[in-house]
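Asker: Sending over start23.csv (CSV, C-alpha atoms and all ligand atoms).
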```
chain,number,residue,atom,x,y,z
W,1,MET,CA,101.7,69.9,92.7
W,2,LEU,CA,102.9,73.4,92.8
W,3,GLN,CA,106.0,72.6,94.8
W,4,ASP,CA,107.2,70.0,92.3
W,5,CYS,CA,107.0,72.6,89.5
W,6,VAL,CA,108.7,75.5,91.2
W,7,GLU,CA,112.3,76.4,90.7
W,8,VAL,CA,113.5,79.2,93.0
W,9,LEU,CA,115.7,81.5,90.9
W,10,ARG,CA,116.3,83.9,93.8
W,11,LYS,CA,115.3,83.6,97.4
W,12,GLY,CA,113.3,86.3,99.2
W,13,ASP,CA,111.9,87.0,102.6
W,14,SER,CA,109.3,85.0,104.5
W,15,SER,CA,106.5,86.9,102.8
W,16,GLY,CA,107.9,86.3,99.3
W,17,ASN,CA,109.4,89.8,98.8
W,18,GLY,CA,112.5,89.7,96.7
W,19,MET,CA,111.8,86.2,95.4
W,20,LEU,CA,111.9,85.1,91.8
W,21,ILE,CA,110.6,81.8,90.6
W,22,ARG,CA,110.1,79.7,87.5
W,23,ILE,CA,107.1,77.4,87.3
W,24,LYS,CA,107.6,74.5,84.9
W,25,LEU,CA,104.3,73.0,83.9
W,26,PRO,CA,104.0,69.3,82.9
W,27,SER,CA,103.6,70.2,79.2
W,28,GLY,CA,106.8,72.2,79.2
W,29,HIS,CA,105.1,75.6,79.4
W,30,GLU,CA,106.8,77.9,81.8
W,31,ILE,CA,105.7,80.8,83.9
W,32,LEU,CA,107.9,83.2,85.8
W,33,GLY,CA,106.6,84.5,89.2
W,34,LEU,CA,107.8,88.0,90.0
W,35,PRO,CA,106.5,89.4,93.3
W,36,THR,CA,106.6,93.2,93.9
W,37,GLU,CA,106.3,94.8,97.3
W,38,ASN,CA,103.2,96.3,98.8
W,39,ALA,CA,103.1,98.7,101.7
W,40,TYR,CA,99.8,97.9,103.4
W,41,GLY,CA,101.0,95.9,106.4
W,42,GLY,CA,99.0,95.3,109.6
W,43,GLY,CA,95.9,93.2,109.8
W,44,TRP,CA,95.1,93.9,106.1
W,45,ASP,CA,98.5,92.8,104.8
W,46,LEU,CA,98.2,91.1,101.4
W,47,GLY,CA,101.9,90.3,101.0
W,48,PRO,CA,103.5,91.3,97.7
W,49,THR,CA,101.7,91.3,94.4
W,50,TRP,CA,102.6,88.2,92.3
W,51,ASN,CA,103.1,89.4,88.7
W,52,TYR,CA,103.6,86.6,86.2
W,53,VAL,CA,105.3,86.3,82.8
W,54,VAL,CA,103.8,83.5,80.8
W,55,LEU,CA,106.4,82.1,78.5
W,56,ASP,CA,104.3,81.3,75.5
W,57,GLU,CA,105.6,81.5,71.9
W,58,LYS,CA,106.0,85.1,72.8
W,59,PRO,CA,106.1,86.0,76.5
W,60,PHE,CA,103.5,88.2,78.0
W,61,LEU,CA,103.3,89.8,81.4
W,62,VAL,CA,100.3,89.8,83.7
W,63,ASP,CA,100.2,92.6,86.2
W,64,THR,CA,102.9,95.2,86.9
W,65,GLY,CA,103.0,95.9,90.7
W,66,LYS,CA,102.5,99.2,92.4
W,67,PHE,CA,103.2,102.6,90.9
W,68,GLY,CA,107.0,103.2,90.6
W,69,LEU,CA,108.0,99.6,90.6
W,70,GLY,CA,108.3,99.1,86.8
W,71,GLY,CA,112.1,99.3,86.8
W,72,ARG,CA,112.3,96.7,89.5
W,73,LEU,CA,110.0,94.4,87.6
W,74,LEU,CA,112.0,94.7,84.4
W,75,ASP,CA,115.2,94.0,86.4
W,76,MET,CA,113.6,90.8,87.8
W,77,MET,CA,112.7,89.8,84.2
W,78,LYS,CA,116.2,90.4,83.1
W,79,TYR,CA,117.5,88.3,86.0
W,80,ALA,CA,115.3,85.5,84.6
W,81,GLY,CA,116.6,86.0,81.1
W,82,ILE,CA,113.7,88.0,79.6
W,83,SER,CA,114.0,91.4,78.2
W,84,GLY,CA,111.1,93.8,78.3
W,85,LYS,CA,111.4,94.1,74.6
W,86,ASP,CA,110.6,90.4,74.2
W,87,LEU,CA,107.1,90.9,75.6
W,88,ASP,CA,104.3,90.4,73.2
W,89,PHE,CA,102.0,92.3,75.4
W,90,VAL,CA,101.3,93.3,79.0
W,91,MET,CA,97.9,92.8,80.6
W,92,VAL,CA,96.3,93.6,83.9
W,93,SER,CA,94.2,91.1,86.0
W,94,HIS,CA,92.2,94.1,87.2
W,95,GLY,CA,92.5,97.9,87.8
W,96,HIS,CA,93.8,98.0,91.3
W,97,GLU,CA,96.9,100.0,91.9
W,98,ASP,CA,98.9,97.0,93.3
W,99,HIS,CA,98.4,95.4,89.9
W,100,ASP,CA,98.4,98.2,87.3
W,101,GLY,CA,100.4,100.8,89.2
W,102,SER,CA,103.5,100.4,86.9
W,103,LEU,CA,101.6,99.6,83.7
W,104,PHE,CA,102.3,102.9,82.1
W,105,GLU,CA,106.0,102.8,83.0
W,106,ILE,CA,106.3,99.2,81.6
W,107,ALA,CA,104.3,100.0,78.5
W,108,GLU,CA,106.3,103.1,77.8
W,109,SER,CA,109.8,101.6,78.4
W,110,THR,CA,109.1,98.3,76.5
W,111,GLY,CA,106.8,99.5,73.7
W,112,ALA,CA,104.6,96.4,74.5
W,113,LYS,CA,100.9,96.5,73.7
W,114,VAL,CA,98.6,96.7,76.7
W,115,LYS,CA,95.5,94.5,77.2
W,116,GLY,CA,92.8,94.8,79.7
W,117,HIS,CA,89.0,94.2,80.0
W,118,ASP,CA,86.7,96.6,78.2
W,119,ILE,CA,85.5,97.8,81.6
W,120,TYR,CA,89.1,98.5,82.6
W,121,ASP,CA,89.6,100.6,79.5
W,122,ARG,CA,86.5,102.7,80.3
W,123,LEU,CA,87.1,103.1,84.1
W,124,ILE,CA,90.7,104.4,83.9
W,125,ARG,CA,89.5,107.5,81.9
W,126,PHE,CA,88.5,110.9,83.3
W,127,TYR,CA,85.0,112.2,82.4
W,128,PRO,CA,84.8,115.7,83.9
W,129,ASP,CA,81.4,116.3,82.2
W,130,ARG,CA,79.8,113.2,83.7
W,131,ALA,CA,81.2,113.3,87.2
W,132,ALA,CA,78.6,113.9,89.9
W,133,ASP,CA,80.8,116.2,92.0
W,134,ASP,CA,84.1,118.1,92.0
W,135,ALA,CA,86.1,115.2,93.4
W,136,GLY,CA,84.8,113.1,90.5
W,137,LYS,CA,86.1,115.6,88.0
W,138,ARG,CA,89.6,115.3,89.4
W,139,PHE,CA,89.6,111.5,89.4
W,140,PRO,CA,88.9,108.7,86.8
W,141,ALA,CA,85.6,106.9,86.9
W,142,SER,CA,87.2,103.9,88.8
W,143,CYS,CA,87.5,106.3,91.8
W,144,TRP,CA,84.2,108.0,91.8
W,145,ARG,CA,83.2,106.1,94.9
W,146,CYS,CA,86.5,105.7,96.6
W,147,PHE,CA,86.1,105.3,100.4
W,148,MET,CA,89.5,106.9,101.1
W,149,PRO,CA,89.5,110.6,102.0
W,150,GLU,CA,90.2,112.8,99.0
W,151,SER,CA,93.2,114.4,100.6
W,152,PHE,CA,94.8,110.9,100.7
W,153,SER,CA,93.9,110.1,97.1
W,154,ARG,CA,95.1,113.4,95.8
W,155,LYS,CA,98.5,113.0,97.5
W,156,ASN,CA,99.0,109.3,96.8
W,157,CYS,CA,97.1,108.3,93.7
W,158,LEU,CA,96.7,111.2,91.3
W,159,GLU,CA,99.9,110.9,89.4
W,160,TYR,CA,99.3,107.2,88.9
W,161,HIS,CA,95.8,107.9,87.6
W,162,GLN,CA,96.9,110.6,85.3
W,163,THR,CA,99.6,108.5,83.6
W,164,ARG,CA,97.3,105.5,83.5
W,165,SER,CA,94.5,107.5,81.9
W,166,VAL,CA,96.4,108.0,78.6
W,167,LEU,CA,97.2,104.3,78.0
W,168,LYS,CA,95.9,102.8,74.8
W,169,ILE,CA,94.2,99.5,75.8
W,170,GLU,CA,93.5,96.6,73.5
W,171,THR,CA,90.3,95.4,75.0
W,172,ILE,CA,89.6,91.9,76.1
W,173,GLU,CA,86.0,90.6,75.9
W,174,ASN,CA,84.3,88.2,78.3
W,175,GLU,CA,86.2,85.2,76.9
W,176,CYS,CA,89.3,85.8,74.9
W,177,ASN,CA,92.2,83.8,73.4
W,178,LEU,CA,95.4,85.6,74.5
W,179,SER,CA,97.8,83.2,72.7
W,180,LYS,CA,97.9,79.7,71.4
W,181,SER,CA,97.6,78.2,74.8
W,182,SER,CA,96.2,81.0,77.1
W,183,LEU,CA,92.6,81.9,77.5
W,184,SER,CA,91.2,84.7,79.7
W,185,TYR,CA,87.7,84.9,81.3
W,186,HIS,CA,85.9,87.9,82.8
W,187,VAL,CA,85.4,87.2,86.5
W,188,PRO,CA,83.9,90.4,87.9
W,189,GLY,CA,83.1,91.0,91.6
W,190,HIS,CA,86.4,91.8,93.4
W,191,SER,CA,86.7,94.4,90.8
W,192,PRO,CA,84.2,94.9,87.8
W,193,ASP,CA,87.1,94.3,85.3
W,194,SER,CA,88.7,91.2,86.9
W,195,LEU,CA,90.1,88.6,84.6
W,196,SER,CA,91.5,85.1,85.2
W,197,ILE,CA,93.8,83.4,82.8
W,198,PHE,CA,94.1,79.7,82.1
W,199,VAL,CA,97.4,78.6,80.7
W,200,GLY,CA,97.4,75.4,78.6
W,201,GLY,CA,94.7,73.8,80.8
W,202,GLU,CA,97.4,73.3,83.4
W,203,ALA,CA,97.6,76.5,85.4
W,204,VAL,CA,95.3,79.4,86.2
W,205,LEU,CA,96.3,82.9,87.1
W,206,VAL,CA,93.4,83.9,89.3
W,207,GLY,CA,94.4,87.5,90.1
W,208,ASP,CA,92.7,88.6,93.3
W,209,THR,CA,89.6,86.6,92.7
W,210,VAL,CA,90.8,83.5,94.6
W,211,LEU,CA,93.5,84.0,97.3
W,212,PRO,CA,94.9,81.7,99.9
W,213,ASP,CA,94.7,82.6,103.6
W,214,ILE,CA,92.6,85.7,103.0
W,215,THR,CA,89.3,86.4,101.3
W,216,PRO,CA,89.3,88.9,98.4
W,217,TRP,CA,87.5,92.1,99.3
W,218,PRO,CA,84.2,92.4,97.4
W,219,SER,CA,83.2,95.6,95.5
W,220,GLN,CA,79.8,97.2,96.1
W,221,GLU,CA,76.8,97.1,93.8
W,222,SER,CA,76.1,100.7,94.7
W,223,PHE,CA,79.2,101.8,92.7
W,224,PHE,CA,77.4,100.9,89.5
W,225,ASP,CA,74.9,103.7,89.5
W,226,GLN,CA,77.6,106.3,89.1
W,227,VAL,CA,79.5,104.6,86.3
W,228,ARG,CA,76.7,102.9,84.3
W,229,GLU,CA,76.8,105.6,81.6
W,230,VAL,CA,80.5,105.0,81.2
W,231,LEU,CA,80.2,101.3,80.7
W,232,ASP,CA,79.1,99.3,77.7
W,233,PRO,CA,75.3,98.9,77.7
W,234,GLN,CA,75.6,95.1,77.9
W,235,TYR,CA,76.4,95.7,81.6
W,236,CYS,CA,72.9,96.8,82.5
W,237,SER,CA,72.6,95.8,86.1
W,238,ALA,CA,74.8,96.4,89.1
W,239,GLU,CA,74.9,92.8,90.1
W,240,SER,CA,76.3,91.8,86.7
W,241,VAL,CA,79.7,93.2,87.5
W,242,TYR,CA,79.8,94.7,91.0
W,243,GLY,CA,79.3,93.4,94.5
W,244,LEU,CA,79.1,90.0,96.2
W,245,ARG,CA,76.6,88.5,93.9
W,246,ALA,CA,78.8,89.1,90.9
W,247,TYR,CA,81.7,87.8,92.8
W,248,ILE,CA,80.0,84.5,93.8
W,249,ARG,CA,78.8,84.0,90.2
W,250,SER,CA,82.4,84.5,89.0
W,251,LEU,CA,83.5,81.9,91.5
W,252,ALA,CA,80.9,79.5,90.2
W,253,LYS,CA,82.2,80.2,86.7
W,254,LEU,CA,85.8,79.4,87.7
W,255,LYS,CA,84.6,76.3,89.4
W,256,GLU,CA,82.7,75.1,86.2
W,257,ILE,CA,85.8,75.7,84.1
W,258,GLY,CA,88.0,74.1,86.7
W,259,LYS,CA,85.8,71.0,86.8
W,260,SER,CA,86.3,70.5,83.0
W,261,LEU,CA,90.1,70.5,83.4
W,262,GLY,CA,92.3,68.2,85.4
W,263,ASP,CA,94.6,69.3,88.3
W,264,LEU,CA,95.4,72.9,87.9
W,265,ILE,CA,98.3,74.9,89.4
W,266,VAL,CA,96.6,77.9,90.9
W,267,LEU,CA,98.6,81.1,90.8
W,268,PRO,CA,97.1,83.8,92.9
W,269,ALA,CA,98.2,87.5,92.8
W,270,HIS,CA,99.0,87.5,96.6
W,271,ARG,CA,100.4,85.0,99.1
W,272,LEU,CA,101.6,82.3,96.7
W,273,PHE,CA,104.4,82.2,99.2
W,274,TYR,CA,103.8,83.6,102.7
W,275,ASN,CA,104.8,82.9,106.3
W,276,GLY,CA,107.9,81.1,104.9
W,277,GLY,CA,105.9,78.5,102.9
W,278,TRP,CA,104.1,77.8,99.6
W,279,ASN,CA,100.3,78.1,99.5
W,280,GLU,CA,99.2,75.2,97.4
W,281,LEU,CA,95.6,75.8,96.3
W,282,ASN,CA,93.0,73.4,94.9
W,283,LEU,CA,90.8,75.7,92.8
W,284,LEU,CA,87.5,73.9,93.5
W,285,THR,CA,88.1,73.4,97.3
W,286,ARG,CA,89.2,77.0,97.7
W,287,ILE,CA,86.2,78.3,95.9
W,288,ASP,CA,83.9,76.3,98.2
W,289,GLU,CA,85.7,77.7,101.2
W,290,LEU,CA,85.3,81.3,99.9
W,291,VAL,CA,81.6,80.8,99.3
W,292,GLU,CA,81.2,79.3,102.7
W,293,HIS,CA,83.1,82.2,104.3
W,294,HIS,CA,80.6,84.7,102.8
W,295,ILE,CA,77.7,82.6,103.9
W,296,GLN,CA,79.0,82.6,107.4
W,297,ARG,CA,79.7,86.3,107.3
W,298,CYS,CA,76.2,87.1,106.1
W,299,GLY,CA,74.9,85.0,108.9
W,300,ALA,CA,77.0,86.8,111.5
W,301,ILE,CA,75.9,90.2,110.1
W,302,LEU,CA,72.3,89.2,110.1
W,303,GLU,CA,72.6,88.1,113.7
W,304,ILE,CA,73.9,91.5,114.7
W,305,VAL,CA,71.1,93.4,113.0
W,306,MET,CA,68.5,91.0,114.4
W,307,LYS,CA,69.2,92.7,117.8
W,308,GLY,CA,68.3,96.0,116.3
W,309,ALA,CA,68.9,98.2,113.2
W,310,LYS,CA,72.5,99.3,112.7
W,311,THR,CA,74.7,101.3,110.3
W,312,ALA,CA,77.4,99.5,108.3
W,313,ARG,CA,80.0,101.2,110.6
W,314,GLU,CA,78.2,100.0,113.8
W,315,ILE,CA,78.1,96.5,112.4
W,316,ALA,CA,81.8,96.6,111.4
W,317,VAL,CA,82.8,97.7,114.9
W,318,GLU,CA,80.8,94.9,116.4
W,319,TYR,CA,82.0,92.3,114.0
W,320,PHE,CA,85.7,92.9,113.3
W,321,ASP,CA,88.5,92.7,115.8
W,322,GLY,CA,90.0,95.9,117.1
W,323,PRO,CA,93.4,95.7,115.2
W,324,LEU,CA,91.5,95.5,111.9
W,325,LEU,CA,89.7,98.7,112.6
W,326,LYS,CA,92.7,100.8,113.2
W,327,GLY,CA,93.4,103.7,110.8
W,328,PHE,CA,91.9,103.2,107.4
W,329,GLY,CA,91.0,99.6,108.5
W,330,ILE,CA,87.6,100.9,109.7
W,331,LEU,CA,86.8,102.0,106.1
W,332,MET,CA,87.8,98.7,104.7
W,333,ALA,CA,85.7,96.9,107.3
W,334,GLU,CA,82.7,99.1,106.6
W,335,ASN,CA,83.0,98.6,102.9
W,336,GLU,CA,83.0,94.8,103.4
W,337,VAL,CA,79.9,95.0,105.6
W,338,VAL,CA,78.1,97.1,103.0
W,339,SER,CA,78.8,94.4,100.3
W,340,HIS,CA,77.2,91.8,102.5
W,341,CYS,CA,74.3,94.0,103.4
W,342,GLU,CA,73.6,94.5,99.7
W,343,LEU,CA,73.4,90.8,99.2
W,344,LEU,CA,71.2,90.3,102.2
W,345,SER,CA,68.9,93.1,101.0
W,346,ALA,CA,68.8,91.5,97.5
W,347,PHE,CA,67.6,88.3,99.0
W,348,GLY,CA,65.1,90.0,101.3
W,349,ASP,CA,66.8,89.2,104.7
W,350,VAL,CA,67.6,92.9,105.4
W,351,VAL,CA,66.1,96.2,104.5
W,352,SER,CA,67.7,99.7,104.5
W,353,GLU,CA,66.1,102.1,106.9
W,354,GLY,CA,66.6,105.8,107.3
W,355,ASP,CA,69.8,107.0,108.9
W,356,GLU,CA,71.7,104.5,106.7
W,357,LYS,CA,70.7,101.7,109.0
W,358,PHE,CA,70.1,98.1,108.0
W,359,ALA,CA,67.3,96.1,109.7
W,360,ALA,CA,66.5,92.4,109.7
W,361,THR,CA,63.3,91.3,108.1
W,362,GLY,CA,63.1,88.0,110.0
W,363,THR,CA,63.9,85.8,106.9
W,364,MET,CA,67.1,83.8,106.4
W,365,ASN,CA,67.1,83.2,102.6
W,366,PHE,CA,70.8,84.0,102.0
W,367,GLY,CA,72.3,80.6,102.4
W,368,SER,CA,70.3,78.8,99.8
W,369,ALA,CA,70.1,81.9,97.6
W,370,ILE,CA,74.0,82.1,97.5
W,371,HIS,CA,74.2,78.4,96.6
W,372,SER,CA,71.7,78.9,93.8
W,373,LEU,CA,73.7,81.7,92.2
W,374,LYS,CA,74.7,80.5,88.7
W,375,PRO,CA,77.9,81.3,86.8
W,376,GLY,CA,77.7,84.6,85.1
W,377,TRP,CA,78.7,83.9,81.5
H,401,ZN,ZN,92.5,93.8,93.9
H,402,ZN,ZN,95.8,92.9,94.8
```
Take the structure I supplied and represent it as structure tokens, if you would.
Answerer:
Amino acid sequence: MLQDCVEVLRKGDSSGNGMLIRIKLPSGHEILGLPTENAYGGGWDLGPTWNYVVLDEKPFLVDTGKFGLGGRLLDMMKYAGISGKDLDFVMVSHGHEDHDGSLFEIAESTGAKVKGHDIYDRLIRFYPDRAADDAGKRFPASCWRCFMPESFSRKNCLEYHQTRSVLKIETIENECNLSKSSLSYHVPGHSPDSLSIFVGGEAVLVGDTVLPDITPWPSQESFFDQVREVLDPQYCSAESVYGLRAYIRSLAKLKEIGKSLGDLIVLPAHRLFYNGGWNELNLLTRIDELVEHHIQRCGAILEIVMKGAKTAREIAVEYFDGPLLKGFGILMAENEVVSHCELLSAFGDVVSEGDEKFAATGTMNFGSAIHSLKPGW
């Protein structure tokens, strides 16, 4: 049980901001939980990012919070008795800004090595000669299909991208021993470079791949076309690393690993503590719930397009509640719908028509097709 293992070193607010915890695993291994603030708020609020220090023979840090929070994170480590200089390495669960925002700052101030998946190493770079348009020349490959307006990204993300792009990354392959007791696995889908880390067969740091309360946002298969030349040729199809099919295969992979281990303490990168309480997760049960959620959402989307062909935006407006569509929420919602329509298209239940509309074909293959997706190894 998570709660039996947690020692609160410092209390925070009801979302977990300001908190600091030590998790004592039955074997004696310890992990520090260091949540750093996020600014999203509203219906899409994730809560803080839970960064973790695994206290192995030599400690290592997983994730670094948003851009500009490196100093805060190092202070939190200090409070728990760890100096940044003690870190063997720093690694990122995936290349989203709430996880690697302060990676450069931490790496520079501690001198620690940086580890990330090979896809991460490639997507953080700028490739002005390969970018399809001017915006692409100004941003790293990870952002070539960003759905946010360029004016927003230029103001809010460019400095982060520029500092991040010069990092030297020690790349992690699909399955990798990080230390004597920790093992990482590639679990693409939420992001193509997502990793989950198993510690001593007792705990798993799942990043954003498995979250309590909320369902991780899936990437889109269509992103692959633009970055395929940048990636290692082993990633030869979109569905191997991007989109809902990749994501569900990764969940199947985590489930298979989870089944071979006993009770695992699941440490997600958001909402470990939220609404004033701990979110205790059972890995296998939560994975089943996430898969079921996507099956239901596919069903709901199919029902909408059965009444007539619609664009992703029209579907999003019909499907999501008003508050979720406010501001940039509509872009998030639309993105989510596209991921589901890609899966429905792949299984023949939906076809793309002109004017970016999706139409129902009359079949309902998605449920059994999702259940038959096998772990991507
Ligand atoms: Zn993420
Ligand atoms: Zn996140």
Asker: For Met148 in chain W, work out the shell of residues within 8 Å, counting only C-alpha atoms and skipping chain neighbours fewer than 5 positions away, then give it as a PyMOL selection string.
Answerer: chain W and resi 153+328+331
Asker: With C-alpha atoms kept, could you save the residues just selected as an mmCIF file, in the frame of the given file?
Answerer:
```cif
data_model
loop_
_atom_site.group_PDB
_atom_site.id
_atom_site.type_symbol
_atom_site.label_atom_id
_atom_site.label_comp_id
_atom_site.auth_asym_id
_atom_site.auth_seq_id
_atom_site.Cartn_x
_atom_site.Cartn_y
_atom_site.Cartn_z
ATOM 1 C CA SER W 153 93.900 110.100 97.100
ATOM 2 C CA PHE W 328 91.900 103.200 107.400
ATOM 3 C CA LEU W 331 86.800 102.000 106.100
#
```
Asker: I want to know what sits within 9 Å of Pro188 in chain W, based on only C-alpha atoms, with residues of the same chain fewer than 5 positions away left out; could you give that as a PDB file with C-alpha atoms, keeping the file's coordinate frame?
Answerer:
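Result went into selection-v7.pdb, see below:
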```pdb
ATOM      1  CA  ASP W 193      87.100  94.300  85.300  1.00  0.00           C
ATOM      2  CA  SER W 194      88.700  91.200  86.900  1.00  0.00           C
ATOM      3  CA  LEU W 195      90.100  88.600  84.600  1.00  0.00           C
ATOM      4  CA  THR W 209      89.600  86.600  92.700  1.00  0.00           C
ATOM      5  CA  SER W 240      76.300  91.800  86.700  1.00  0.00           C
ATOM      6  CA  VAL W 241      79.700  93.200  87.500  1.00  0.00           C
ATOM      7  CA  TYR W 242      79.800  94.700  91.000  1.00  0.00           C
ATOM      8  CA  GLY W 243      79.300  93.400  94.500  1.00  0.00           C
ATOM      9  CA  ALA W 246      78.800  89.100  90.900  1.00  0.00           C
ATOM     10  CA  TYR W 247      81.700  87.800  92.800  1.00  0.00           C
ATOM     11  CA  ARG W 249      78.800  84.000  90.200  1.00  0.00           C
ATOM     12  CA  SER W 250      82.400  84.500  89.000  1.00  0.00           C
ATOM     13  CA  GLY W 376      77.700  84.600  85.100  1.00  0.00           C
TER      14      GLY W 376
END
```
Asker: Tell me, in Å to one decimal, how far CA of Lys58 in chain W is from CA of Gly81 in chain W.
Answerer: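 Value for the CA of Lys58 in chain W-CA of Gly81 in chain W distance: 13.5 Å.
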Asker: Using all atoms listed in the file, list the residues that have an atom at most 12 Å from (86.6, 74.3, 78.9), coordinates as in the file, as a list in words.
Answerer: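 So the residues meeting the distance criterion are Glu175, Ser182, Leu183, Ser184, Tyr185, Phe198, Val199, Gly200, Gly201, Glu202, Lys253, Leu254, Lys255, Glu256, Ile257, Gly258, Lys259, Ser260, Leu261 and Gly262 of chain W.
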Asker: If you count only C-alpha atoms and all ligand atoms, which residues end up within 12 Å of ligand ZN 402 (chain H), as a PyMOL selection string?
Answerer: chain W and resi 35-40+44-51+63-66+92-101+190-191+194+206-211+214-218+268-271
Asker: Excluding Asp355 in chain W and any residue of its chain fewer than 4 positions from it, enumerate the residues within 10 Å of it, using all atoms listed in the file, and give them as a PyMOL selection string.
Answerer: chain W and resi 309-311
Asker: From the list W:Ser372, W:Ser237, W:Asn365, W:Ser219, which residue is nearest ligand ZN 401 (chain H) when using only C-alpha atoms and all ligand atoms?
Answerer: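 Distance minimum relative to ligand ZN 401 (chain H) lands on W:Ser219.
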Asker: Pick out the closest residue to Val114 in chain W from this set: W:Lys168, W:His29, W:Lys85, W:Lys137. Count all atoms listed in the file.
Answerer: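 Closest candidate: W:Lys168.
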Asker: Can you measure CA of Asp86 in chain W to CA of Thr110 in chain W for me? One decimal in Å is fine.
Answerer: 8.4 Å
Asker: Which residues come within 8 Å of Leu34 in chain W, counting only C-alpha atoms, excluding same-chain residues fewer than 3 positions away, as a list of chain:residue names?
Answerer: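 My list of contacting residues is W:Met19, W:Leu20, W:Ile21, W:Trp50, W:Asn51, W:Tyr52, W:Val53, W:Leu73, W:Met76, W:Met77.
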Asker: For those residues, write C-alpha atoms to a file as a CSV table (one decimal), in the frame of the given file.
Answerer:
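Below you can see result05.csv, which holds the result:
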```
chain,number,residue,atom,x,y,z
W,19,MET,CA,111.8,86.2,95.4
W,20,LEU,CA,111.9,85.1,91.8
W,21,ILE,CA,110.6,81.8,90.6
W,50,TRP,CA,102.6,88.2,92.3
W,51,ASN,CA,103.1,89.4,88.7
W,52,TYR,CA,103.6,86.6,86.2
W,53,VAL,CA,105.3,86.3,82.8
W,73,LEU,CA,110.0,94.4,87.6
W,76,MET,CA,113.6,90.8,87.8
W,77,MET,CA,112.7,89.8,84.2
```
